[in-house]
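The data block below is work-v3.cif; it holds mmCIF, C-alpha atoms.
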data_start
#
loop_
_atom_site.label_atom_id
_atom_site.label_comp_id
_atom_site.auth_asym_id
_atom_site.auth_seq_id
_atom_site.Cartn_x
_atom_site.Cartn_y
_atom_site.Cartn_z
CA MET A 1 143.53 -55.54 74.31
CA LYS A 2 142.70 -53.60 77.46
CA ILE A 3 140.18 -55.16 79.85
CA HIS A 4 138.64 -53.66 83.00
CA LYS A 5 136.21 -55.52 85.26
CA ILE A 6 134.02 -54.03 87.99
CA ARG A 7 132.07 -56.20 90.44
CA PHE A 8 128.90 -54.72 91.91
CA HIS A 9 127.59 -56.07 95.24
CA TYR A 10 124.13 -55.36 96.62
CA LEU A 11 122.57 -56.20 99.95
CA VAL A 12 118.96 -57.00 99.07
CA ASP A 13 116.38 -55.12 101.14
CA LYS A 14 113.18 -56.50 99.56
CA LEU A 15 112.21 -59.64 97.68
CA ILE A 16 113.66 -59.75 94.15
CA VAL A 17 112.71 -62.50 91.71
CA PHE A 18 114.60 -62.46 88.42
CA PRO A 19 113.56 -64.14 85.20
CA SER A 20 115.93 -66.86 83.97
CA PHE A 21 117.81 -64.27 81.89
CA ILE A 22 119.35 -62.18 84.68
CA ALA A 23 122.15 -60.47 82.69
CA PRO A 24 119.81 -58.94 80.05
CA THR A 25 117.51 -57.82 82.88
CA ILE A 26 120.43 -56.06 84.59
CA ARG A 27 121.36 -54.44 81.26
CA GLY A 28 117.80 -53.12 80.95
CA VAL A 29 117.72 -51.78 84.51
CA LEU A 30 121.13 -50.20 84.00
CA GLY A 31 120.06 -48.58 80.72
CA TYR A 32 116.81 -47.26 82.14
CA SER A 33 118.56 -45.86 85.23
CA LEU A 34 121.41 -44.28 83.28
CA LYS A 35 119.05 -42.68 80.76
CA GLU A 36 117.09 -41.12 83.62
CA ASN A 37 120.05 -40.04 85.74
CA ASN A 38 123.22 -39.65 83.67
CA LYS A 39 122.90 -39.19 79.90
CA ASP A 40 126.68 -38.96 79.40
CA ILE A 41 127.31 -42.44 80.76
CA PHE A 42 124.16 -43.71 79.00
CA GLU A 43 125.61 -42.57 75.67
CA VAL A 44 128.85 -44.47 76.31
CA PHE A 45 126.92 -47.67 77.07
CA PHE A 46 123.93 -47.59 74.77
CA ALA A 47 124.29 -45.07 71.92
CA LYS A 48 124.77 -46.46 68.45
CA SER A 49 128.39 -46.46 67.43
CA GLU A 50 129.83 -44.90 64.31
CA ASP A 51 130.53 -48.33 62.80
CA GLY A 52 126.96 -49.21 61.97
CA GLY A 53 125.27 -49.52 65.34
CA LYS A 54 127.21 -52.41 66.86
CA GLN A 55 127.04 -52.76 70.62
CA LYS A 56 129.77 -51.26 72.73
CA PRO A 57 132.37 -53.78 73.84
CA TYR A 58 131.29 -54.77 77.34
CA SER A 59 129.60 -57.73 78.94
CA ILE A 60 127.48 -58.24 82.03
CA SER A 61 127.96 -61.56 83.77
CA ILE A 62 126.66 -63.34 86.82
CA ASN A 63 127.64 -66.45 88.69
CA GLU A 64 125.58 -69.20 87.05
CA LYS A 65 124.95 -70.73 90.47
CA GLN A 66 123.25 -67.61 91.83
CA PRO A 67 119.58 -68.11 92.61
CA LEU A 68 116.79 -66.34 90.75
CA ALA A 69 115.10 -65.19 93.97
CA TYR A 70 116.65 -63.07 96.72
CA GLN A 71 115.25 -62.40 100.18
CA PRO A 72 115.97 -59.30 102.27
CA GLY A 73 119.47 -59.67 103.72
CA ASP A 74 120.76 -61.76 100.78
CA ASN A 75 123.78 -60.62 98.78
CA PHE A 76 123.58 -60.28 95.01
CA TYR A 77 126.45 -59.44 92.69
CA PHE A 78 127.29 -59.14 89.01
CA ASP A 79 130.29 -58.10 86.93
CA ILE A 80 130.61 -55.66 84.07
CA THR A 81 133.70 -56.25 81.93
CA PHE A 82 134.83 -53.54 79.53
CA PHE A 83 137.01 -54.29 76.50
CA GLY A 84 139.32 -52.35 74.16
CA ASP A 85 138.68 -48.69 73.40
CA LEU A 86 135.75 -48.51 75.82
CA VAL A 87 138.25 -48.88 78.68
CA LYS A 88 139.81 -45.58 77.57
CA GLN A 89 136.43 -43.84 77.14
CA ILE A 90 135.05 -44.43 80.60
CA ASN A 91 136.10 -42.49 83.64
CA PHE A 92 135.69 -45.39 86.08
CA LYS A 93 135.76 -43.21 89.19
CA THR A 94 132.84 -41.20 87.81
CA PHE A 95 131.00 -44.40 86.92
CA ILE A 96 131.52 -45.95 90.36
CA ASP A 97 130.57 -42.70 92.15
CA PHE A 98 127.41 -42.54 90.02
CA GLU A 99 126.59 -46.17 90.75
CA LYS A 100 126.84 -45.52 94.50
CA THR A 101 124.17 -42.82 94.29
CA LEU A 102 121.84 -44.69 91.94
CA ASP A 103 118.58 -45.86 93.46
CA TRP A 104 118.46 -49.34 91.90
CA LYS A 105 115.78 -50.46 94.34
CA LYS A 106 112.96 -48.70 92.55
CA LYS A 107 114.04 -50.19 89.20
CA TRP A 108 113.84 -53.88 90.15
#
Conversion result in structure tokens:
Amino acid sequence: MKIHKIRFHYLVDKLIVFPSFIAPTIRGVLGYSLKENNKDIFEVFFAKSEDGGKQKPYSISINEKQPLAYQPGDNFYFDITFFGDLVKQINFKTFIDFEKTLDWKKKW
């Protein structure tokens, strides 16, 4: 099985306080942002699949020791790991270029 992991780092510029379920929150922010800004990538991540609507094979993970609150100047990171056929579907350069231009700050 093919696996591809991308780590995203952010330098926090304003107070962020996450609920205890950070990974689902990131998934929601990612989905909202992609739907607004790049429907093609949104479809790869969130559209229902042809096999009955199962989720696409990827996971979002964080370091369990990361705090729930971040002050300006803090670093925050998370990983997205892609599995199987999804690795072939995604043009990772396009995804990373898109991520660099995304204004996540207004979504938190």
How close does segment 25-51 of chain A get to segment 13-18 of chain A? List, as a Markdown table, each residue of segment 25-51 of chain A within 12 Å, its nearest atom pair and the distance in Å to one decimal, counting only C-alpha atoms.
| residue | atom | partner | partner_atom | distance |
| --- | --- | --- | --- | --- |
| A:Thr25 | CA | A:Phe18 | CA | 7.8 |
| A:Ile26 | CA | A:Phe18 | CA | 9.5 |
| A:Val29 | CA | A:Phe18 | CA | 11.8 |
Practice problem: Name all residues at most 9 Å from Met1 of chain A (count only C-alpha atoms; drop same-chain ones fewer than 6 positions away) and give them as a list in words. | Solution: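 After dropping sequence-adjacent residues, the list is Phe83, Gly84 and Asp85 of chain A.
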Practice problem: For a cut-off of 12 Å around (120.8, -61.8, 101.0), file coordinates, pick out all residues using only C-alpha atoms and list them as a list in words. | Solution: His9, Tyr10, Leu11, Val12, Asp13, Lys14, Leu15, Ile16, Gln66, Pro67, Leu68, Ala69, Tyr70, Gln71, Pro72, Gly73, Asp74, Asn75, Phe76 and Tyr77 of chain A
Self-check item: One-decimal distance in Å that lies between atom CA of His4 of chain A and atom CA of Ser33 of chain A
Solution: 21.7 Å
Practice problem: Using only C-alpha atoms, pick whichever of A:Pro57, A:Ile62, A:Phe21, A:Arg27 has the shortest atom-to-atom distance to Lys88 of chain A. | Solution: A:Pro57
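Across the model, the gap from atom CA of Glu64 of chain A to atom CA of Glu43 of chain A is 29.0 Å.
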Quiz prompt | atom CA of Ile80 of chain A to atom CA of Asn37 of chain A, distance in Å rounded to a single decimal | solution = 18.9 Å
